[in-house]
$ cat protein_16.txt   # compact mmCIF, C-alpha atoms and all ligand atoms
# COMPACT_ATOMS: atom_id res chain seq x y z
CA MET A 1 -4.41 -1.24 -29.14
CA LYS A 2 -3.45 -3.02 -25.93
CA LEU A 3 -1.21 -1.73 -23.21
CA LEU A 4 0.17 -3.05 -19.91
CA ILE A 5 1.26 -0.45 -17.38
CA PHE A 6 2.67 -0.76 -13.92
CA TRP A 7 4.64 1.37 -11.58
CA ASP A 8 7.34 0.96 -9.04
CA ILE A 9 9.36 -2.08 -9.83
CA TYR A 10 10.89 -1.84 -6.41
CA TRP A 11 14.32 -3.28 -5.82
CA ARG A 12 15.78 -6.71 -6.49
CA ASN A 13 13.01 -9.06 -5.43
CA TRP A 14 10.41 -7.06 -7.26
CA ARG A 15 12.35 -6.98 -10.48
CA ARG A 16 12.42 -10.75 -10.07
CA LEU A 17 8.61 -10.81 -9.80
CA VAL A 18 8.26 -8.82 -13.00
CA LYS A 19 10.52 -11.31 -14.80
CA LYS A 20 8.57 -14.23 -13.37
CA TYR A 21 5.05 -13.07 -14.26
CA LEU A 22 5.56 -11.00 -17.37
CA PRO A 23 5.60 -13.99 -19.79
CA SER A 24 2.19 -15.25 -18.62
CA LEU A 25 0.71 -11.72 -18.71
CA LYS A 26 2.07 -11.25 -22.21
CA GLU A 27 0.46 -14.50 -23.24
CA LYS A 28 -2.88 -13.62 -21.67
CA TYR A 29 -3.20 -10.00 -22.84
CA SER A 30 -0.98 -9.85 -25.95
CA PRO A 31 -0.08 -6.21 -25.24
CA ASP A 32 1.25 -4.03 -28.02
CA PHE A 33 3.11 -1.86 -25.54
CA ILE A 34 4.48 -2.38 -22.01
CA ILE A 35 5.30 0.60 -19.83
CA GLY A 36 6.69 0.69 -16.29
CA ASN A 37 7.83 3.28 -13.80
CA SER A 38 11.46 2.77 -12.78
CA GLU A 39 12.15 5.46 -10.20
CA ASN A 40 12.76 2.98 -7.35
CA MET A 41 14.04 0.11 -9.44
CA THR A 42 17.64 0.05 -8.15
CA SER A 43 18.10 -0.25 -4.39
CA GLY A 44 14.68 1.34 -3.99
CA LYS A 45 16.06 4.76 -4.86
CA TRP A 46 16.79 5.27 -8.54
CA PRO A 47 17.10 3.46 -11.86
CA ASN A 48 20.61 2.38 -12.85
CA LEU A 49 21.71 1.54 -16.37
CA LYS A 50 21.96 -2.22 -15.85
CA HIS A 51 18.36 -2.45 -14.69
CA ILE A 52 17.01 -0.13 -17.37
CA LEU A 53 18.61 -2.39 -20.00
CA GLU A 54 17.25 -5.47 -18.20
CA MET A 55 13.74 -4.06 -18.54
CA LYS A 56 14.35 -3.28 -22.20
CA GLU A 57 15.36 -6.93 -22.72
CA LEU A 58 12.07 -7.92 -21.09
CA TRP A 59 10.16 -6.11 -23.83
CA PHE A 60 9.49 -2.82 -22.05
CA ASP A 61 8.91 -0.03 -24.55
CA CYS A 62 9.25 2.85 -22.11
CA LEU A 63 10.11 3.51 -18.48
CA THR A 64 8.65 6.58 -16.85
CA SER A 65 10.02 7.99 -13.60
CA GLY A 66 9.57 10.67 -10.96
CA ASP A 67 11.33 12.58 -8.22
CA HIS A 68 14.12 9.97 -7.85
CA VAL A 69 15.23 9.76 -11.44
CA PHE A 70 18.39 11.84 -10.98
CA ASN A 71 19.53 10.27 -7.70
CA HIS A 72 22.45 8.62 -9.51
CA LEU A 73 22.61 10.86 -12.51
CA LYS A 74 26.30 10.36 -13.24
CA GLU A 75 25.75 6.74 -14.18
CA ILE A 76 22.79 7.18 -16.51
CA LYS A 77 23.32 10.68 -17.92
CA GLU A 78 24.88 9.48 -21.17
CA TYR A 79 22.19 6.83 -21.68
CA LEU A 80 19.38 9.32 -20.95
CA GLU A 81 20.72 11.50 -23.75
CA SER A 82 21.05 8.63 -26.24
CA GLU A 83 18.50 8.13 -28.99
CA ASP A 84 17.59 4.57 -28.08
CA SER A 85 16.97 5.35 -24.40
CA ILE A 86 13.70 3.90 -23.09
CA GLN A 87 13.99 5.95 -19.88
CA LEU A 88 11.87 9.10 -19.72
CA VAL A 89 12.38 11.95 -17.28
CA PRO A 90 9.56 14.23 -16.10
CA ALA A 91 8.89 16.99 -18.62
CA ASN A 92 8.57 19.83 -16.14
CA PHE A 93 11.98 20.02 -14.52
CA TYR A 94 13.24 23.58 -14.55
CA GLU A 95 15.14 24.70 -17.57
CA SER A 96 17.40 27.72 -17.66
CA ARG A 97 20.33 29.02 -19.62
CA PHE A 98 22.56 27.75 -16.78
CA TYR A 99 21.39 24.16 -16.43
CA LYS A 100 19.11 21.83 -18.30
CA ALA A 101 17.83 18.54 -16.96
CA PRO A 102 19.25 15.76 -19.15
CA GLY A 103 17.22 13.20 -20.99
CA SER A 104 14.06 13.00 -22.98
CA TRP A 105 10.87 14.71 -21.84
CA LEU A 106 8.60 12.68 -24.03
CA LYS A 107 8.68 9.39 -25.85
CA ILE A 108 7.20 8.73 -29.25
CA ILE A 109 6.89 5.05 -30.11
CA GLU A 110 5.86 3.78 -33.50
CA LYS A 111 4.96 0.11 -33.41
CA ASN A 112 2.29 -2.16 -34.91
CA TRP A 113 1.17 0.69 -37.20
CA GLN A 114 0.39 2.88 -34.20
CA LYS A 115 2.03 6.09 -33.04
CA LEU A 116 2.04 6.59 -29.29
CA LEU A 117 3.13 9.62 -27.26
CA ILE A 118 4.05 9.16 -23.59
CA ILE A 119 4.49 12.15 -21.28
CA ASN A 120 5.73 12.00 -17.70
CA LEU A 121 5.00 14.90 -15.29
CA LEU A 122 5.91 15.77 -11.71
CA TRP A 123 3.43 17.21 -9.26
CA ASN A 124 2.91 20.75 -7.98
CA ALA A 125 1.41 20.13 -4.55
CA PHE A 126 3.96 19.69 -1.72
CA ILE A 127 6.95 19.66 -4.04
CA GLY A 128 8.28 23.19 -3.60
CA ALA A 129 10.74 24.35 -6.21
CA GLN A 130 11.89 21.11 -7.84
CA SER A 131 9.73 21.45 -10.92
CA SER A 132 7.88 24.01 -12.96
CA ASN A 133 4.11 24.07 -13.37
CA PRO A 134 3.06 20.71 -14.91
CA PHE A 135 -0.24 22.11 -16.24
CA ILE A 136 1.47 24.87 -18.20
CA LYS A 137 4.21 22.52 -19.40
CA VAL A 138 1.92 19.77 -20.71
CA ASP A 139 -0.33 22.34 -22.37
CA GLU A 140 2.67 23.85 -24.16
CA MET A 141 3.80 20.42 -25.34
CA LEU A 142 0.39 19.40 -26.69
CA GLU A 143 -0.18 22.79 -28.33
CA ASP A 144 3.24 22.59 -29.95
CA PHE A 145 2.40 19.23 -31.57
CA LYS A 146 -0.94 20.66 -32.69
CA ALA A 147 0.73 23.70 -34.28
CA LYS A 148 3.16 21.42 -36.10
CA LYS A 149 0.23 19.21 -37.18
CA ILE A 150 1.83 16.16 -35.59
CA GLU A 151 -0.83 13.64 -34.63
CA PHE A 152 -0.77 10.55 -32.48
CA ASP A 153 -2.99 7.50 -32.34
CA TRP A 154 -3.00 7.86 -28.62
CA ILE A 155 -1.35 9.87 -25.86
CA ILE A 156 -0.88 8.73 -22.27
CA VAL A 157 0.36 10.68 -19.25
CA ASP A 158 2.07 9.32 -16.13
CA TYR A 159 1.43 12.01 -13.53
CA HIS A 160 3.78 11.42 -10.61
CA ARG A 161 1.96 13.26 -7.86
CA GLU A 162 0.99 13.37 -4.18
CA THR A 163 -2.67 14.30 -4.10
CA THR A 164 -5.80 12.91 -5.71
CA ALA A 165 -7.13 16.48 -5.98
CA GLU A 166 -4.27 17.38 -8.28
CA ILE A 167 -4.57 14.38 -10.57
CA TYR A 168 -8.32 14.93 -10.89
CA ALA A 169 -7.64 18.52 -11.89
CA MET A 170 -4.95 17.41 -14.34
CA SER A 171 -7.21 14.73 -15.85
CA GLU A 172 -9.96 17.27 -16.44
CA PHE A 173 -7.41 19.69 -17.89
CA LEU A 174 -6.31 17.01 -20.38
CA SER A 175 -9.78 15.66 -21.04
CA SER A 176 -10.34 14.98 -24.76
CA ARG A 177 -6.70 15.83 -25.46
CA VAL A 178 -5.14 12.56 -24.27
CA SER A 179 -6.41 8.97 -24.01
CA PHE A 180 -5.32 8.02 -20.51
CA VAL A 181 -3.98 9.81 -17.42
CA TYR A 182 -2.68 7.68 -14.57
CA GLY A 183 -1.06 8.50 -11.26
CA THR A 184 2.08 7.07 -9.67
CA HIS A 185 4.08 7.75 -6.47
CA THR A 186 1.55 7.11 -3.68
CA HIS A 187 1.82 3.30 -3.47
CA VAL A 188 -1.81 2.38 -3.28
CA GLN A 189 -4.09 1.24 -6.07
CA THR A 190 -7.18 3.39 -6.20
CA ASN A 191 -10.63 2.17 -7.17
CA ASP A 192 -11.53 5.29 -9.13
CA GLU A 193 -10.75 4.41 -12.74
CA HIS A 194 -13.39 6.13 -14.81
CA ILE A 195 -14.15 7.88 -18.02
CA LEU A 196 -14.29 11.67 -17.94
CA SER A 197 -16.89 13.77 -19.71
CA SER A 198 -14.95 13.20 -22.92
CA TRP A 199 -13.30 9.95 -23.97
CA THR A 200 -10.31 10.30 -21.65
CA TRP A 201 -9.89 7.81 -18.80
CA MET A 202 -8.06 8.29 -15.55
CA ILE A 203 -6.99 6.41 -12.43
CA SER A 204 -5.40 8.11 -9.43
CA ASP A 205 -2.80 5.40 -8.76
CA ILE A 206 -2.02 2.00 -10.23
CA TRP A 207 -0.06 0.73 -7.22
CA MET A 208 3.18 -1.16 -7.33
CA VAL A 209 5.23 -4.34 -7.35
CA TRP A 210 6.05 -4.93 -3.71
CA PRO A 211 6.05 -7.18 -0.63
CA LEU A 212 2.53 -7.17 0.72
CA HIS A 213 3.59 -8.18 4.23
CA SER A 214 5.70 -5.11 4.94
CA SER A 215 5.43 -1.49 5.90
CA LEU A 216 6.31 0.11 2.59
CA TRP A 217 9.09 -2.44 1.90
CA GLN A 218 10.49 -2.37 5.45
CA THR A 219 10.02 -5.14 8.00
CA PHE A 220 7.58 -4.47 10.81
CA GLU A 221 10.49 -5.02 13.26
CA THR A 222 12.13 -1.86 11.95
CA ARG A 223 8.96 0.17 11.36
CA LEU A 224 6.91 -0.48 14.50
CA PRO A 225 9.40 1.07 16.99
CA ARG A 226 9.26 4.25 14.95
CA PHE A 227 5.49 4.47 15.05
CA ILE A 228 5.09 3.40 18.68
CA SER A 229 8.02 5.05 20.48
CA TRP A 230 9.57 7.32 17.86
CA LEU A 231 12.67 5.12 17.83
CA ASN A 232 14.27 5.48 14.46
CA ILE A 233 15.75 2.12 13.60
CA PHE A 234 14.34 2.29 10.11
CA GLY A 235 16.56 0.22 7.83
CA SER A 236 18.24 2.06 5.03
CA ARG A 237 17.65 -0.82 2.59
CA PRO A 238 14.58 -2.97 2.15
CA GLU A 239 14.79 -6.48 3.53
CA GLN A 240 15.41 -9.32 1.13
CA ASP A 241 13.26 -11.86 2.86
CA LEU A 242 9.98 -9.98 2.92
CA TRP A 243 7.25 -12.22 1.68
CA LEU A 244 4.02 -12.23 -0.27
CA GLY A 245 5.24 -10.50 -3.38
CA CYS A 246 2.44 -8.54 -4.96
CA LEU A 247 2.24 -7.25 -8.52
CA ASN A 248 -0.25 -4.63 -9.61
CA TRP A 249 -0.78 -3.63 -13.19
CA VAL A 250 -3.39 -2.03 -15.30
CA TYR A 251 -4.38 -3.38 -18.67
CA VAL A 252 -5.74 -0.72 -21.01
CA GLU A 253 -7.38 -0.97 -24.42
CA ILE A 254 -7.57 2.08 -26.67
CA GLU A 255 -9.39 2.37 -29.98
CA ASN A 256 -9.45 5.45 -32.19
CA LYS A 257 -7.77 7.48 -29.44
CA LYS A 258 -10.56 6.53 -27.03
CA CYS A 259 -9.90 4.46 -23.96
CA LYS A 260 -12.30 1.49 -24.08
CA LEU A 261 -11.30 -0.69 -21.18
CA ILE A 262 -9.25 -0.61 -18.01
CA GLU A 263 -8.67 -3.77 -16.04
CA LYS A 264 -6.77 -3.79 -12.79
CA ILE A 265 -4.53 -6.83 -12.42
CA ARG A 266 -3.30 -8.09 -9.08
CA ILE A 267 -1.11 -11.12 -8.54
CA ILE A 268 -0.08 -12.20 -5.05
CA GLU A 269 2.73 -14.71 -4.94
CA GLU A 270 1.95 -17.97 -3.15
FE FE B 1 8.10 9.29 -6.34
$ encode --input "protein_16.txt" --output "structure tokens" --more "lines below"
Ligand SMILES: [Fe+2]
Amino acid sequence: MKLLIFWDIYWRNWRRLVKKYLPSLKEKYSPDFIIGNSENMTSGKWPNLKHILEMKELWFDCLTSGDHVFNHLKEIKEYLESEDSIQLVPANFYESRFYKAPGSWLKIIEKNWQKLLIINLLWNAFIGAQSSNPFIKVDEMLEDFKAKKIEFDWIIVDYHRETTAEIYAMSEFLSSRVSFVYGTHTHVQTNDEHILSSWTWMISDIWMVWPLHSSLWQTFETRLPRFISWLNIFGSRPEQDLWLGCLNWVYVEIENKKCKLIEKIRIIEE
């Protein structure tokens, strides 16, 4: 089973890059599933409905997210609750009898005679009170499926987190229970993809689709004054003319629940 995953389709130009390069990647890898992380897809701050549907048109099976998913909740609330939504929300938002986070906490996809479970979690470290404990939550979810004797051909987890320490702990916690654990949120591709003591693979971060010649999507003209003289002229929106678009993906092969291959893909636009 073949899978293409990437995170942070950031803003207009970077959605354009995904559209431009996806056909050739589909041809080269023939993926059965394509998964992306959409939390900064619209204006660099949230996913809106138009762009979620655009990604669905492009053959995306599922969009994971993170701490920005509810930044424009009003617009996507109805879609998040609909059965054909491809947009996941992190599973460990607080739930109470007063309020419940809308949307689906997990995605089950049945395609090409395979049954896949995707879980999206938010971190513990440095996040304060936004979410409940992701370790306890994911354990409850997996144990619940086990009790109901519901099996999957493979399970993958997008762990949206700050620290490598935490994703290493989470990967070990899920070792031999899921096929692949990958990190998003920190905007740098790590060189630590590896197999754990069981057959589970992990990578701390798969990086993003972004302008390489920028300071996290901002021009150096707006960023440098901040770092040198503490002058805050940081632009509220990313610049349109930033150059050297860069796409980062991981290609994953899984067989009999076991992750067999991870290949990091990097395309820098000419
Ligand atoms: Fe994030």
$ closest_atom_pairs --input "protein_16.txt" --of "chain A" --to "ligand FE 1 (chain B)" --cutoff "8 Å" --atoms "only C-alpha atoms and all ligand atoms" --output "Markdown table"
| residue | atom | partner | partner_atom | distance |
| --- | --- | --- | --- | --- |
| A:Glu39 | CA | B:FE1 | FE | 6.8 |
| A:Asn40 | CA | B:FE1 | FE | 7.9 |
| A:Ser65 | CA | B:FE1 | FE | 7.6 |
| A:Gly66 | CA | B:FE1 | FE | 5.0 |
| A:Asp67 | CA | B:FE1 | FE | 5.0 |
| A:His68 | CA | B:FE1 | FE | 6.2 |
| A:His160 | CA | B:FE1 | FE | 6.4 |
| A:Arg161 | CA | B:FE1 | FE | 7.5 |
| A:Thr184 | CA | B:FE1 | FE | 7.2 |
| A:His185 | CA | B:FE1 | FE | 4.3 |
| A:Thr186 | CA | B:FE1 | FE | 7.4 |
$ residues_around --input "protein_16.txt" --residues "Leu116 of chain A" --least-positions-apart "3" --cutoff "12 Å" --atoms "only C-alpha atoms" --output "MDAnalysis selection string"
chainID A and resid 1:3 32:35 61:62 106:113 119 150:157 178:180 254 256:257
$ axis_aligned_box --input "protein_16.txt" --around "segment 217-234 of chain A" --padding-each-side "8 Å" --output "AutoDock Vina command-line options"
--center_x 10.4 --center_y 1.1 --center_z 11.2 --size_x 26.7 --size_y 28.5 --size_z 34.6
$ residues_around --input "protein_16.txt" --residues "Lys20 of chain A" --least-positions-apart "2" --cutoff "12 Å" --atoms "all atoms listed in the file" --output "ChimeraX atom specification"
/A:13-18,22-26,58,245-247,267,269
$ residues_around --input "protein_16.txt" --residues "Glu95 of chain A" --least-positions-apart "2" --cutoff "12 Å" --atoms "all atoms listed in the file" --output "short mmCIF file (atom, residue, chain, number, x, y, z; two decimals) with C-alpha atoms, keeping the file's coordinate frame"
data_model
loop_
_atom_site.label_atom_id
_atom_site.label_comp_id
_atom_site.auth_asym_id
_atom_site.auth_seq_id
_atom_site.Cartn_x
_atom_site.Cartn_y
_atom_site.Cartn_z
CA PRO A 90 9.56 14.23 -16.10
CA ALA A 91 8.89 16.99 -18.62
CA ASN A 92 8.57 19.83 -16.14
CA PHE A 93 11.98 20.02 -14.52
CA ARG A 97 20.33 29.02 -19.62
CA PHE A 98 22.56 27.75 -16.78
CA TYR A 99 21.39 24.16 -16.43
CA LYS A 100 19.11 21.83 -18.30
CA ALA A 101 17.83 18.54 -16.96
CA PRO A 102 19.25 15.76 -19.15
CA TRP A 105 10.87 14.71 -21.84
CA GLN A 130 11.89 21.11 -7.84
CA SER A 131 9.73 21.45 -10.92
CA SER A 132 7.88 24.01 -12.96
CA ASN A 133 4.11 24.07 -13.37
CA LYS A 137 4.21 22.52 -19.40
#
$ closest_residue --input "protein_16.txt" --among "A:Asn37, A:Ser204, A:Asn48, A:Gln189" --to "Thr64 of chain A" --atoms "all atoms listed in the file"
A:Asn37
$ atom_distance --input "protein_16.txt" --atom1 "atom CA of Phe173 of chain A" --atom2 "atom CA of Phe135 of chain A"
7.7 Å
$ atom_distance --input "protein_16.txt" --atom1 "atom CA of Ser215 of chain A" --atom2 "atom CA of Trp46 of chain A"
19.6 Å
